[in-house]
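Participant: Contents are compact mmCIF, C-alpha atoms; file name entry-v5.txt:
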# COMPACT_ATOMS: atom_id res chain seq x y z
CA MET A 1 127.80 137.52 95.02
CA ASP A 2 124.43 137.12 96.75
CA ASP A 3 122.36 134.02 96.18
CA LEU A 4 118.89 135.51 95.87
CA ARG A 5 116.99 132.26 95.29
CA HIS A 6 114.79 130.48 97.81
CA ILE A 7 113.76 133.39 99.98
CA PRO A 8 110.36 132.10 101.15
CA GLY A 9 107.40 133.70 99.36
CA THR A 10 109.70 136.19 97.67
CA PRO A 11 110.30 136.23 93.93
CA VAL A 12 113.50 138.07 92.97
CA PHE A 13 113.64 139.36 89.40
CA GLN A 14 117.02 138.36 87.98
CA GLY A 15 118.49 137.78 84.53
CA GLU A 16 116.57 134.54 84.04
CA GLU A 17 113.23 136.28 84.60
CA ALA A 18 114.30 139.31 82.56
CA LYS A 19 115.01 137.03 79.62
CA ARG A 20 111.87 134.94 79.97
CA GLY A 21 109.49 137.78 80.79
CA TYR A 22 110.67 140.38 78.29
CA ALA A 23 107.62 140.38 76.00
CA LEU A 24 105.16 140.40 78.91
CA ASN A 25 106.98 143.22 80.67
CA LYS A 26 107.31 145.20 77.47
CA MET A 27 103.57 145.00 76.95
CA CYS A 28 102.93 146.09 80.55
CA PHE A 29 105.42 148.98 80.17
CA SER A 30 103.29 150.22 77.25
CA PHE A 31 100.38 150.65 79.69
CA ASN A 32 102.01 153.83 80.98
CA GLU A 33 100.04 155.46 78.13
CA ALA A 34 96.28 155.79 78.34
CA ALA A 35 95.85 155.14 74.60
CA ASN A 36 97.58 151.78 74.97
CA ARG A 37 95.45 150.81 77.96
CA LYS A 38 92.40 151.59 75.86
CA ALA A 39 93.73 149.61 72.90
CA PHE A 40 94.36 146.60 75.16
CA LEU A 41 90.83 146.71 76.56
CA ALA A 42 89.37 147.01 73.06
CA ASP A 43 91.23 143.91 71.78
CA GLU A 44 93.17 141.95 74.41
CA GLU A 45 94.10 139.05 72.15
CA GLY A 46 95.25 141.32 69.32
CA TYR A 47 97.27 143.43 71.75
CA MET A 48 99.04 140.35 73.19
CA GLU A 49 99.77 139.17 69.66
CA ARG A 50 101.36 142.53 68.86
CA TYR A 51 103.83 142.00 71.73
CA LYS A 52 104.35 138.31 70.86
CA LEU A 53 103.53 136.98 74.32
CA ASN A 54 104.04 133.24 74.72
CA GLU A 55 101.13 130.95 75.63
CA GLU A 56 101.94 130.89 79.34
CA GLN A 57 101.99 134.70 79.40
CA ARG A 58 98.73 134.99 77.46
CA ALA A 59 97.02 132.56 79.85
CA ALA A 60 98.36 134.53 82.83
CA ILE A 61 97.07 137.82 81.39
CA ARG A 62 93.64 136.28 80.75
CA SER A 63 93.55 134.92 84.32
CA ARG A 64 94.44 138.32 85.91
CA ASN A 65 96.36 136.21 88.43
CA VAL A 66 99.43 137.98 89.80
CA LEU A 67 101.32 134.89 90.97
CA GLN A 68 100.75 133.32 87.55
CA LEU A 69 101.97 136.52 85.87
CA ILE A 70 105.12 136.50 88.03
CA ALA A 71 105.69 132.83 87.20
CA ALA A 72 105.46 133.76 83.51
CA GLY A 73 108.34 136.23 83.96
CA GLY A 74 106.40 139.33 84.98
CA ASN A 75 108.14 142.04 86.99
CA VAL A 76 106.01 143.61 89.71
CA TYR A 77 106.89 147.17 88.70
CA TYR A 78 105.46 146.63 85.21
CA LEU A 79 102.66 144.31 86.33
CA ALA A 80 101.42 147.15 88.54
CA LYS A 81 100.55 149.04 85.35
CA PHE A 82 98.52 146.07 84.13
CA ALA A 83 96.72 145.94 87.49
CA GLY A 84 96.07 149.68 87.18
CA ILE A 85 93.95 149.09 84.08
CA PHE A 86 91.42 147.35 86.30
CA GLY A 87 91.73 149.86 89.12
CA LEU A 88 93.50 147.34 91.33
CA ASN A 89 95.88 148.77 93.93
CA VAL A 90 98.66 147.09 95.90
CA GLN A 91 96.25 145.93 98.61
CA ASP A 92 94.08 144.24 96.00
CA ILE A 93 97.04 142.42 94.48
CA GLY A 94 98.43 141.63 97.94
CA ALA A 95 95.13 140.06 98.96
CA GLN A 96 95.02 138.06 95.75
CA GLN A 97 98.56 136.70 96.14
CA THR A 98 98.13 135.76 99.80
CA GLY A 99 94.65 134.30 99.35
CA MET A 100 93.14 136.72 101.84
CA THR A 101 90.07 138.91 101.55
CA ILE A 102 90.89 142.62 101.12
CA GLU A 103 89.69 143.27 104.67
CA ALA A 104 91.85 140.50 106.09
CA PHE A 105 94.88 141.72 104.13
CA LYS A 106 94.41 145.29 105.36
CA ALA A 107 94.05 143.98 108.92
CA PHE A 108 97.28 142.01 108.44
CA LEU A 109 99.08 145.18 107.28
CA ALA A 110 97.74 147.13 110.26
CA SER A 111 98.72 144.38 112.70
CA GLN A 112 102.37 144.79 111.76
CA GLY A 113 102.36 148.51 112.58
CA THR A 114 101.46 148.13 116.22
CA MET Z 1 130.70 177.27 97.45
CA ALA Z 2 127.71 174.97 97.35
CA ARG Z 3 126.78 173.50 100.69
CA ILE Z 4 124.64 170.53 101.68
CA ILE Z 5 122.37 171.82 104.41
CA GLY Z 6 120.42 168.66 105.06
CA GLY Z 7 118.97 165.36 104.01
CA LEU Z 8 115.36 164.27 103.84
CA THR Z 9 114.09 160.72 103.66
CA THR Z 10 110.50 159.77 103.10
CA SER Z 11 108.37 156.90 101.90
CA HIS Z 12 106.97 157.63 98.45
CA VAL Z 13 103.99 155.29 98.05
CA PRO Z 14 101.87 156.26 95.02
CA SER Z 15 98.63 156.39 96.98
CA ILE Z 16 99.95 159.57 98.69
CA GLY Z 17 99.18 161.21 95.33
CA GLY Z 18 95.63 159.89 95.45
CA ALA Z 19 95.19 161.11 99.02
CA ILE Z 20 96.35 164.61 98.01
CA ALA Z 21 94.05 164.62 94.97
CA ARG Z 22 91.08 163.64 97.16
CA ASP Z 23 92.07 166.11 99.89
CA GLU Z 24 92.35 163.36 102.51
CA GLN Z 25 95.40 164.73 104.35
CA GLN Z 26 93.53 165.10 107.62
CA THR Z 27 91.67 161.77 107.58
CA PRO Z 28 92.73 159.38 110.37
CA TYR Z 29 94.49 157.08 107.89
CA TRP Z 30 96.64 159.78 106.29
CA LYS Z 31 97.08 162.36 109.05
CA PRO Z 32 100.19 160.75 110.63
CA LEU Z 33 102.08 160.95 107.31
CA PHE Z 34 101.08 164.49 106.39
CA ASP Z 35 101.61 165.77 109.95
CA ALA Z 36 105.15 164.39 109.82
CA PHE Z 37 105.89 167.14 107.29
CA VAL Z 38 104.83 170.07 109.48
CA PRO Z 39 108.34 170.44 111.03
CA VAL Z 40 109.83 169.87 107.57
CA HIS Z 41 107.86 172.85 106.25
CA ALA Z 42 109.15 175.08 109.06
CA TRP Z 43 112.74 174.03 108.34
CA LEU Z 44 112.36 174.62 104.58
CA GLU Z 45 110.83 178.03 105.24
CA GLU Z 46 113.80 178.97 107.40
CA MET Z 47 116.58 177.39 105.31
CA LYS Z 48 115.24 178.02 101.80
CA PRO Z 49 117.31 175.45 99.85
CA ASP Z 50 118.08 176.34 96.23
CA VAL Z 51 118.44 172.84 94.84
CA ALA Z 52 117.23 169.33 95.75
CA ILE Z 53 119.20 166.27 94.66
CA VAL Z 54 116.48 163.61 94.56
CA ILE Z 55 117.83 160.09 94.98
CA TYR Z 56 115.13 157.52 94.23
CA ASN Z 57 114.30 154.43 92.23
CA ASP Z 58 112.41 154.61 88.94
CA HIS Z 59 109.32 152.37 88.87
CA GLY Z 60 109.12 151.66 85.18
CA LEU Z 61 108.32 155.12 83.88
CA ASN Z 62 111.66 156.40 82.59
CA PHE Z 63 113.52 153.10 82.27
CA PHE Z 64 112.50 149.79 80.79
CA LEU Z 65 114.38 146.48 80.82
CA ASP Z 66 115.82 147.28 77.37
CA LYS Z 67 118.38 149.56 79.05
CA MET Z 68 118.58 149.55 82.82
CA PRO Z 69 121.22 151.79 84.37
CA THR Z 70 122.43 150.91 87.84
CA PHE Z 71 122.88 154.62 88.61
CA ALA Z 72 121.56 157.48 86.46
CA VAL Z 73 121.90 161.26 86.86
CA GLY Z 74 119.63 163.81 85.18
CA ALA Z 75 121.16 166.69 83.25
CA ALA Z 76 118.04 168.35 81.85
CA ALA Z 77 116.79 171.92 82.07
CA SER Z 78 113.45 170.58 83.25
CA TYR Z 79 111.87 167.28 84.26
CA ASP Z 80 108.35 166.21 83.39
CA ASN Z 81 106.16 163.87 85.38
CA ALA Z 82 103.90 161.59 83.31
CA ASP Z 83 101.10 159.05 83.46
CA GLU Z 84 102.35 155.92 85.23
CA GLY Z 85 99.30 153.86 84.38
CA TRP Z 86 97.38 153.87 87.62
CA GLY Z 87 95.65 157.20 87.55
CA ILE Z 88 97.41 159.45 90.05
CA PRO Z 89 97.45 163.08 88.90
CA VAL Z 90 100.45 164.30 86.88
CA LEU Z 91 102.25 167.14 88.68
CA PRO Z 92 103.73 170.28 87.05
CA SER Z 93 107.26 170.12 85.58
CA PHE Z 94 110.33 170.61 87.77
CA GLU Z 95 113.12 173.01 86.88
CA GLY Z 96 116.57 171.42 86.62
CA ASP Z 97 120.07 172.82 87.18
CA PRO Z 98 122.08 171.54 84.19
CA ASP Z 99 125.32 173.29 85.24
CA LEU Z 100 125.29 171.55 88.61
CA SER Z 101 124.26 168.29 86.93
CA TRP Z 102 127.26 168.36 84.61
CA HIS Z 103 129.56 169.29 87.46
CA MET Z 104 128.23 166.28 89.41
CA ILE Z 105 128.58 164.01 86.38
CA ASP Z 106 132.16 165.14 85.73
CA ARG Z 107 133.10 164.59 89.35
CA LEU Z 108 131.30 161.27 89.75
CA VAL Z 109 132.93 159.73 86.69
CA ALA Z 110 136.32 161.08 87.77
CA ASP Z 111 135.56 159.42 91.11
CA GLU Z 112 135.07 156.07 89.31
CA PHE Z 113 131.25 156.04 89.33
CA ASP Z 114 130.31 155.15 85.77
CA ILE Z 115 126.84 156.63 85.90
CA THR Z 116 124.38 157.00 83.02
CA MET Z 117 123.84 160.65 82.08
CA CYS Z 118 120.38 161.64 80.90
CA GLN Z 119 119.25 164.82 79.15
CA GLU Z 120 115.68 163.55 79.00
CA PHE Z 121 114.27 162.09 82.18
CA LEU Z 122 110.64 161.46 83.11
CA VAL Z 123 110.31 161.62 86.87
CA ASP Z 124 107.84 159.33 88.64
CA HIS Z 125 105.94 159.43 91.93
CA ALA Z 126 109.09 158.63 93.91
CA PHE Z 127 110.51 161.98 92.80
CA THR Z 128 107.35 164.10 92.58
CA LEU Z 129 105.45 163.13 95.74
CA PRO Z 130 108.25 163.91 98.22
CA ILE Z 131 108.60 167.39 96.68
CA LYS Z 132 104.84 167.85 96.79
CA LEU Z 133 104.91 166.80 100.46
CA MET Z 134 107.69 169.33 101.11
CA TYR Z 135 105.86 172.14 99.30
CA PRO Z 136 102.13 171.31 99.43
CA ASN Z 137 101.05 174.81 98.40
CA ALA Z 138 103.54 175.38 95.60
CA GLY Z 139 102.48 175.59 92.03
CA PRO Z 140 102.49 175.78 89.19
CA THR Z 141 106.24 176.32 89.74
CA TRP Z 142 108.29 174.79 92.53
CA PRO Z 143 110.43 176.88 94.92
CA LEU Z 144 113.68 175.04 94.17
CA ARG Z 145 115.57 173.43 91.31
CA THR Z 146 115.98 169.67 91.17
CA ILE Z 147 118.32 166.95 89.92
CA PRO Z 148 117.16 163.32 89.77
CA VAL Z 149 119.56 160.51 90.65
CA THR Z 150 118.15 157.01 90.28
CA ILE Z 151 119.26 153.66 91.66
CA ASN Z 152 118.05 150.52 89.91
CA SER Z 153 115.64 148.54 92.06
CA VAL Z 154 113.77 146.80 89.23
CA GLN Z 155 116.24 144.32 87.81
CA HIS Z 156 118.71 142.34 89.92
CA PRO Z 157 121.62 142.41 90.45
CA LEU Z 158 121.21 145.69 92.32
CA PRO Z 159 124.17 147.64 93.65
CA SER Z 160 125.13 146.81 97.22
CA ALA Z 161 124.42 149.00 100.20
CA ALA Z 162 128.17 149.57 100.55
CA ARG Z 163 128.38 150.77 96.93
CA CYS Z 164 125.42 153.12 97.41
CA TRP Z 165 127.07 154.58 100.52
CA LYS Z 166 130.19 155.32 98.47
CA LEU Z 167 128.09 156.86 95.70
CA GLY Z 168 126.50 159.12 98.29
CA GLN Z 169 129.93 160.16 99.54
CA ALA Z 170 130.97 160.94 95.97
CA ILE Z 171 127.80 162.99 95.43
CA GLY Z 172 128.59 164.89 98.61
CA ARG Z 173 132.14 165.65 97.43
CA ALA Z 174 130.85 166.67 94.00
CA ILE Z 175 128.31 169.12 95.37
CA GLU Z 176 130.63 170.65 97.94
CA SER Z 177 133.24 171.31 95.24
CA TYR Z 178 130.77 173.34 93.14
CA PRO Z 179 131.90 176.97 93.09
CA LYS Z 180 128.48 178.64 93.16
CA ASP Z 181 126.92 179.60 96.48
CA LEU Z 182 124.01 177.23 96.67
CA LYS Z 183 122.13 175.61 99.51
CA VAL Z 184 121.48 171.99 98.60
CA VAL Z 185 119.17 169.47 100.23
CA VAL Z 186 119.61 165.77 99.40
CA LEU Z 187 116.53 163.55 99.32
CA GLY Z 188 116.49 159.78 99.61
CA THR Z 189 113.00 158.52 98.85
CA GLY Z 190 111.56 155.05 99.32
CA GLY Z 191 111.06 152.37 101.92
CA LEU Z 192 110.99 151.42 104.47
CA SER Z 193 110.00 147.73 104.66
CA HIS Z 194 107.46 146.50 102.14
CA GLN Z 195 106.86 143.72 99.67
CA LEU Z 196 104.37 143.86 96.82
CA ASP Z 197 104.97 140.54 95.09
CA GLY Z 198 104.77 136.88 96.00
CA ALA Z 199 103.17 134.89 98.78
CA ARG Z 200 104.94 137.12 101.35
CA ALA Z 201 103.22 140.24 99.92
CA GLY Z 202 102.26 142.64 102.68
CA PHE Z 203 105.33 141.94 104.80
CA ILE Z 204 106.35 144.87 107.04
CA ASN Z 205 109.16 144.72 109.64
CA LYS Z 206 108.69 147.55 112.11
CA ASP Z 207 111.64 146.53 114.31
CA PHE Z 208 114.04 146.60 111.37
CA ASP Z 209 112.59 149.91 110.13
CA LEU Z 210 113.15 151.53 113.54
CA LEU Z 211 116.68 150.14 113.63
CA CYS Z 212 117.38 151.66 110.20
CA MET Z 213 116.03 155.03 111.36
CA GLU Z 214 118.35 154.97 114.35
CA LYS Z 215 121.41 153.81 112.42
CA ILE Z 216 120.93 156.19 109.49
CA VAL Z 217 121.72 159.01 111.93
CA SER Z 218 124.19 157.53 114.38
CA ASP Z 219 125.95 154.71 112.56
CA PRO Z 220 125.11 154.59 108.83
CA VAL Z 221 128.12 152.38 108.10
CA ALA Z 222 126.35 149.60 110.04
CA LEU Z 223 123.64 149.60 107.35
CA THR Z 224 126.23 149.13 104.61
CA LYS Z 225 127.17 145.74 106.09
CA TYR Z 226 123.90 144.10 105.04
CA SER Z 227 123.95 142.04 101.87
CA ASN Z 228 121.13 142.53 99.38
CA ARG Z 229 119.76 139.13 100.34
CA GLN Z 230 119.68 140.16 103.99
CA ILE Z 231 117.90 143.42 103.13
CA ILE Z 232 115.28 141.51 101.10
CA GLU Z 233 114.79 139.05 103.96
CA LEU Z 234 114.57 141.78 106.61
CA ALA Z 235 112.74 144.54 104.71
CA GLY Z 236 110.89 142.75 101.91
CA SER Z 237 111.64 142.71 98.21
CA GLN Z 238 110.88 146.43 97.78
CA GLY Z 239 112.62 147.22 101.06
CA VAL Z 240 115.74 147.48 98.92
CA GLU Z 241 114.68 151.11 98.50
CA LEU Z 242 116.67 151.54 101.71
CA MET Z 243 119.55 152.05 99.24
CA THR Z 244 118.23 155.55 98.50
CA TRP Z 245 118.44 156.41 102.21
CA ILE Z 246 121.97 155.09 102.50
CA THR Z 247 123.05 157.06 99.42
CA MET Z 248 121.49 160.24 100.79
CA ARG Z 249 123.24 159.74 104.10
CA GLY Z 250 126.58 159.20 102.38
CA ALA Z 251 126.31 162.71 100.95
CA LEU Z 252 126.05 164.30 104.42
CA GLN Z 253 129.66 164.70 105.44
CA GLY Z 254 129.35 167.21 108.24
CA LYS Z 255 127.87 167.00 111.70
CA VAL Z 256 124.46 165.38 111.31
CA SER Z 257 121.55 165.90 113.67
CA THR Z 258 117.88 164.96 113.57
CA VAL Z 259 115.38 167.75 112.94
CA THR Z 260 112.38 165.44 112.83
CA SER Z 261 111.75 161.71 112.66
CA THR Z 262 108.38 159.95 112.35
CA TYR Z 263 107.39 156.34 111.80
CA HIS Z 264 103.89 155.15 111.03
CA ALA Z 265 102.86 151.79 109.61
CA PRO Z 266 101.18 150.87 107.47
CA ILE Z 267 101.03 153.55 104.80
CA SER Z 268 99.49 151.54 101.99
CA ASN Z 269 101.62 148.35 102.20
CA THR Z 270 104.65 150.12 103.60
CA GLY Z 271 106.41 150.99 106.82
CA GLY Z 272 106.08 154.77 106.46
CA ALA Z 273 109.01 156.85 107.62
CA VAL Z 274 109.91 160.53 107.35
CA MET Z 275 113.21 161.94 108.60
CA LEU Z 276 114.87 165.30 108.19
CA LEU Z 277 118.56 165.51 109.06
CA ALA Z 278 120.48 168.76 109.35
CA ASN Z 279 124.05 168.73 108.07
CA GLU Z 280 126.39 171.27 109.61
CA PRO Z 281 129.76 171.61 107.87
CA ALA Z 282 132.44 169.88 109.96
CA GLU Z 283 134.57 173.01 110.33
CA MET Z 284 131.59 175.14 111.44
CA ALA Z 285 130.56 172.49 113.97
CA ALA Z 286 134.12 172.40 115.30
CA ALA Z 287 134.30 176.19 115.55
CA ALA Z 288 131.05 176.29 117.50
CA GLU Z 289 132.34 173.86 120.12
As structure tokens - that is how I would like this structure written.

Facilitator:
Amino acid sequence: MDDLRHIPGTPVFQGEEAKRGYALNKMCFSFNEAANRKAFLADEEGYMERYKLNEEQRAAIRSRNVLQLIAAGGNVYYLAKFAGIFGLNVQDIGAQQTGMTIEAFKAFLASQGT
Amino acid sequence: MARIIGGLTTSHVPSIGGAIARDEQQTPYWKPLFDAFVPVHAWLEEMKPDVAIVIYNDHGLNFFLDKMPTFAVGAAASYDNADEGWGIPVLPSFEGDPDLSWHMIDRLVADEFDITMCQEFLVDHAFTLPIKLMYPNAGPTWPLRTIPVTINSVQHPLPSAARCWKLGQAIGRAIESYPKDLKVVVLGTGGLSHQLDGARAGFINKDFDLLCMEKIVSDPVALTKYSNRQIIELAGSQGVELMTWITMRGALQGKVSTVTSTYHAPISNTGGAVMLLANEPAEMAAAAE
């Protein structure tokens, strides 16, 4: 069996994260529906309460910080739906996680294609 | 008998849907991807496949962590696309082929692939965008029937490359034992290298992508030797979508040749690759020689 831990800069979503992040990911999965995205924006705290997020997850949601959300058990496929609420695409979240400006991150992507 | 006439691989990044909606196909950023499909269109026009088997990974539209099948096969009369939460347009429904689905399911389980069978199946961008790229002017109905086959890429452990290769072979055997005269094209959508999460977000490995594109034609078994850890290291955490390519290739059991092959990076955060492979039945290829 593969050991998937300790790949530099690379979180791998395994059973441990699935267990820990369930409530957070379930909330993010609900954001597939526009009505739920609207309900979240209308009452973020109430919406998080409905899904019984733990304190770490609530703080990560409030911070809009992707690395913090991943640390709280978030899975990138579901977190992408949370990011979508704010119109953030994968370059925006890439820039945030790497500490680059959007322009620098896009330039980094382009540099690897040449 | 049903016959697999070819295999198509393509990246499926969601922003392709946005580019189509905004009519940006000919902008400098998007032109290389959309132009890669011009020879695909000519081939489809000539070959006119009846059915597409679409091998892809669900991105949290149809499956949640409550129940996460390693491999799932659709058996519905039609497949709906739906809102995925980030605002790309929802495409019209896709007609299924339930008789072929059940034939595949029967054969796959008999072949020791314990797949999940689904009579309701929402299809996401990884299914819809490749078909839209193949048939940009179709609508509101599509010119071929479809069957979704998904490989888990959300929740580790994921199946190995070697297992996906064998699944592809079993899919190939299943289709080619179907008694109706059908022309089938097998799609593997995803990849190539990319990583969305973590401090290594934005990682692309052009050299590895080009190696995969070479091996997928000439020596696909070489790709089945990589462990999942190696694929993550070499292609990024979402580079595991390479599994869909390997599965597609496993289904092509005849003489395989390249119709078109294009690489362009980056497309969004991804090493963008489009390949169309023709599959000539082994006995026909032998007779021609």

Participant: Identify, on the basis of all atoms listed in the file, every residue whose closest approach to region 80-89 of chain A does not exceed 7 Å; exclude the query and any residue fewer than 3 positions from it along the same chain; express the result as a ChimeraX atom specification.

Facilitator: /A:28,31-32,37,76-77,92-93 /Z:85-86

Participant: Which one of Z:Asn81, Z:Gln238, Z:Ser93, Z:Ala19 sits closest to Phe13 (chain A) if you count all atoms listed in the file?

Facilitator: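 Closest to Phe13 (chain A), using all atoms listed in the file: Z:Gln238.
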
Participant: Based on all atoms listed in the file, which of the residues in chain A come within 9 Å of chain Z? I want them as an mmCIF file with C-alpha atoms, in the frame of the given file.

Facilitator:
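See selection_6.cif below for the written result:
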data_model
loop_
_atom_site.group_PDB
_atom_site.id
_atom_site.type_symbol
_atom_site.label_atom_id
_atom_site.label_comp_id
_atom_site.auth_asym_id
_atom_site.auth_seq_id
_atom_site.Cartn_x
_atom_site.Cartn_y
_atom_site.Cartn_z
ATOM 1 C CA ASP A 2 124.430 137.120 96.750
ATOM 2 C CA ASP A 3 122.360 134.020 96.180
ATOM 3 C CA LEU A 4 118.890 135.510 95.870
ATOM 4 C CA ARG A 5 116.990 132.260 95.290
ATOM 5 C CA ILE A 7 113.760 133.390 99.980
ATOM 6 C CA PRO A 8 110.360 132.100 101.150
ATOM 7 C CA GLY A 9 107.400 133.700 99.360
ATOM 8 C CA THR A 10 109.700 136.190 97.670
ATOM 9 C CA PRO A 11 110.300 136.230 93.930
ATOM 10 C CA VAL A 12 113.500 138.070 92.970
ATOM 11 C CA PHE A 13 113.640 139.360 89.400
ATOM 12 C CA GLN A 14 117.020 138.360 87.980
ATOM 13 C CA GLY A 15 118.490 137.780 84.530
ATOM 14 C CA ALA A 18 114.300 139.310 82.560
ATOM 15 C CA TYR A 22 110.670 140.380 78.290
ATOM 16 C CA ASN A 25 106.980 143.220 80.670
ATOM 17 C CA LYS A 26 107.310 145.200 77.470
ATOM 18 C CA PHE A 29 105.420 148.980 80.170
ATOM 19 C CA SER A 30 103.290 150.220 77.250
ATOM 20 C CA PHE A 31 100.380 150.650 79.690
ATOM 21 C CA ASN A 32 102.010 153.830 80.980
ATOM 22 C CA GLU A 33 100.040 155.460 78.130
ATOM 23 C CA ALA A 34 96.280 155.790 78.340
ATOM 24 C CA ARG A 37 95.450 150.810 77.960
ATOM 25 C CA VAL A 66 99.430 137.980 89.800
ATOM 26 C CA LEU A 67 101.320 134.890 90.970
ATOM 27 C CA ILE A 70 105.120 136.500 88.030
ATOM 28 C CA ASN A 75 108.140 142.040 86.990
ATOM 29 C CA VAL A 76 106.010 143.610 89.710
ATOM 30 C CA TYR A 77 106.890 147.170 88.700
ATOM 31 C CA TYR A 78 105.460 146.630 85.210
ATOM 32 C CA ALA A 80 101.420 147.150 88.540
ATOM 33 C CA LYS A 81 100.550 149.040 85.350
ATOM 34 C CA PHE A 82 98.520 146.070 84.130
ATOM 35 C CA ALA A 83 96.720 145.940 87.490
ATOM 36 C CA GLY A 84 96.070 149.680 87.180
ATOM 37 C CA ILE A 85 93.950 149.090 84.080
ATOM 38 C CA PHE A 86 91.420 147.350 86.300
ATOM 39 C CA GLY A 87 91.730 149.860 89.120
ATOM 40 C CA LEU A 88 93.500 147.340 91.330
ATOM 41 C CA ASN A 89 95.880 148.770 93.930
ATOM 42 C CA VAL A 90 98.660 147.090 95.900
ATOM 43 C CA GLN A 91 96.250 145.930 98.610
ATOM 44 C CA ILE A 93 97.040 142.420 94.480
ATOM 45 C CA GLY A 94 98.430 141.630 97.940
ATOM 46 C CA ALA A 95 95.130 140.060 98.960
ATOM 47 C CA GLN A 97 98.560 136.700 96.140
ATOM 48 C CA THR A 98 98.130 135.760 99.800
ATOM 49 C CA GLY A 99 94.650 134.300 99.350
ATOM 50 C CA PHE A 105 94.880 141.720 104.130
ATOM 51 C CA LYS A 106 94.410 145.290 105.360
ATOM 52 C CA PHE A 108 97.280 142.010 108.440
ATOM 53 C CA LEU A 109 99.080 145.180 107.280
ATOM 54 C CA ALA A 110 97.740 147.130 110.260
ATOM 55 C CA SER A 111 98.720 144.380 112.700
ATOM 56 C CA GLN A 112 102.370 144.790 111.760
ATOM 57 C CA GLY A 113 102.360 148.510 112.580
ATOM 58 C CA THR A 114 101.460 148.130 116.220
#

Participant: Using CA of Asn137 (chain Z) and CA of His41 (chain Z) as the two end points, give the distance in Å to one decimal.

Facilitator: 10.6 Å

Participant: Let me make sure I understand: among A:Thr101, A:Lys52, A:Ala35, A:Ile61, which one has the smallest atom-to-atom distance to Leu79 (chain A) if we use all atoms listed in the file?

Facilitator: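 Of A:Thr101, A:Lys52, A:Ala35, A:Ile61, the one nearest Leu79 (chain A), counting all atoms listed in the file, is A:Ile61.
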
Participant: To one decimal place, how far is CA of Ile4 (chain Z) from CA of Val184 (chain Z) in Å?

Facilitator: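 Result for CA of Ile4 (chain Z) versus CA of Val184 (chain Z): 4.6 Å, one decimal.
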
Participant: Could you work out how far CA of Ser101 (chain Z) lies from CA of Val73 (chain Z), giving the answer in Å with one decimal?

Facilitator: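 According to the coordinates, CA of Val73 (chain Z) and CA of Ser101 (chain Z) are separated by 7.4 Å.
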
Participant: Find the smallest box with edges along x, y and z containing every listed atom of region 6-9 of chain A, then add 4 Å on each side and report centre and edge lengths in Å to one decimal, as JSON.

Facilitator:
{"center_x": 111.1, "center_y": 132.1, "center_z": 99.5, "size_x": 15.4, "size_y": 11.2, "size_z": 11.3}

Participant: Out of Z:Ala287, Z:Val274, Z:Ala76, Z:Leu252, which residue has the shortest atom-to-atom distance to Glu176 (chain Z) when counting only C-alpha atoms?

Facilitator: Z:Leu252
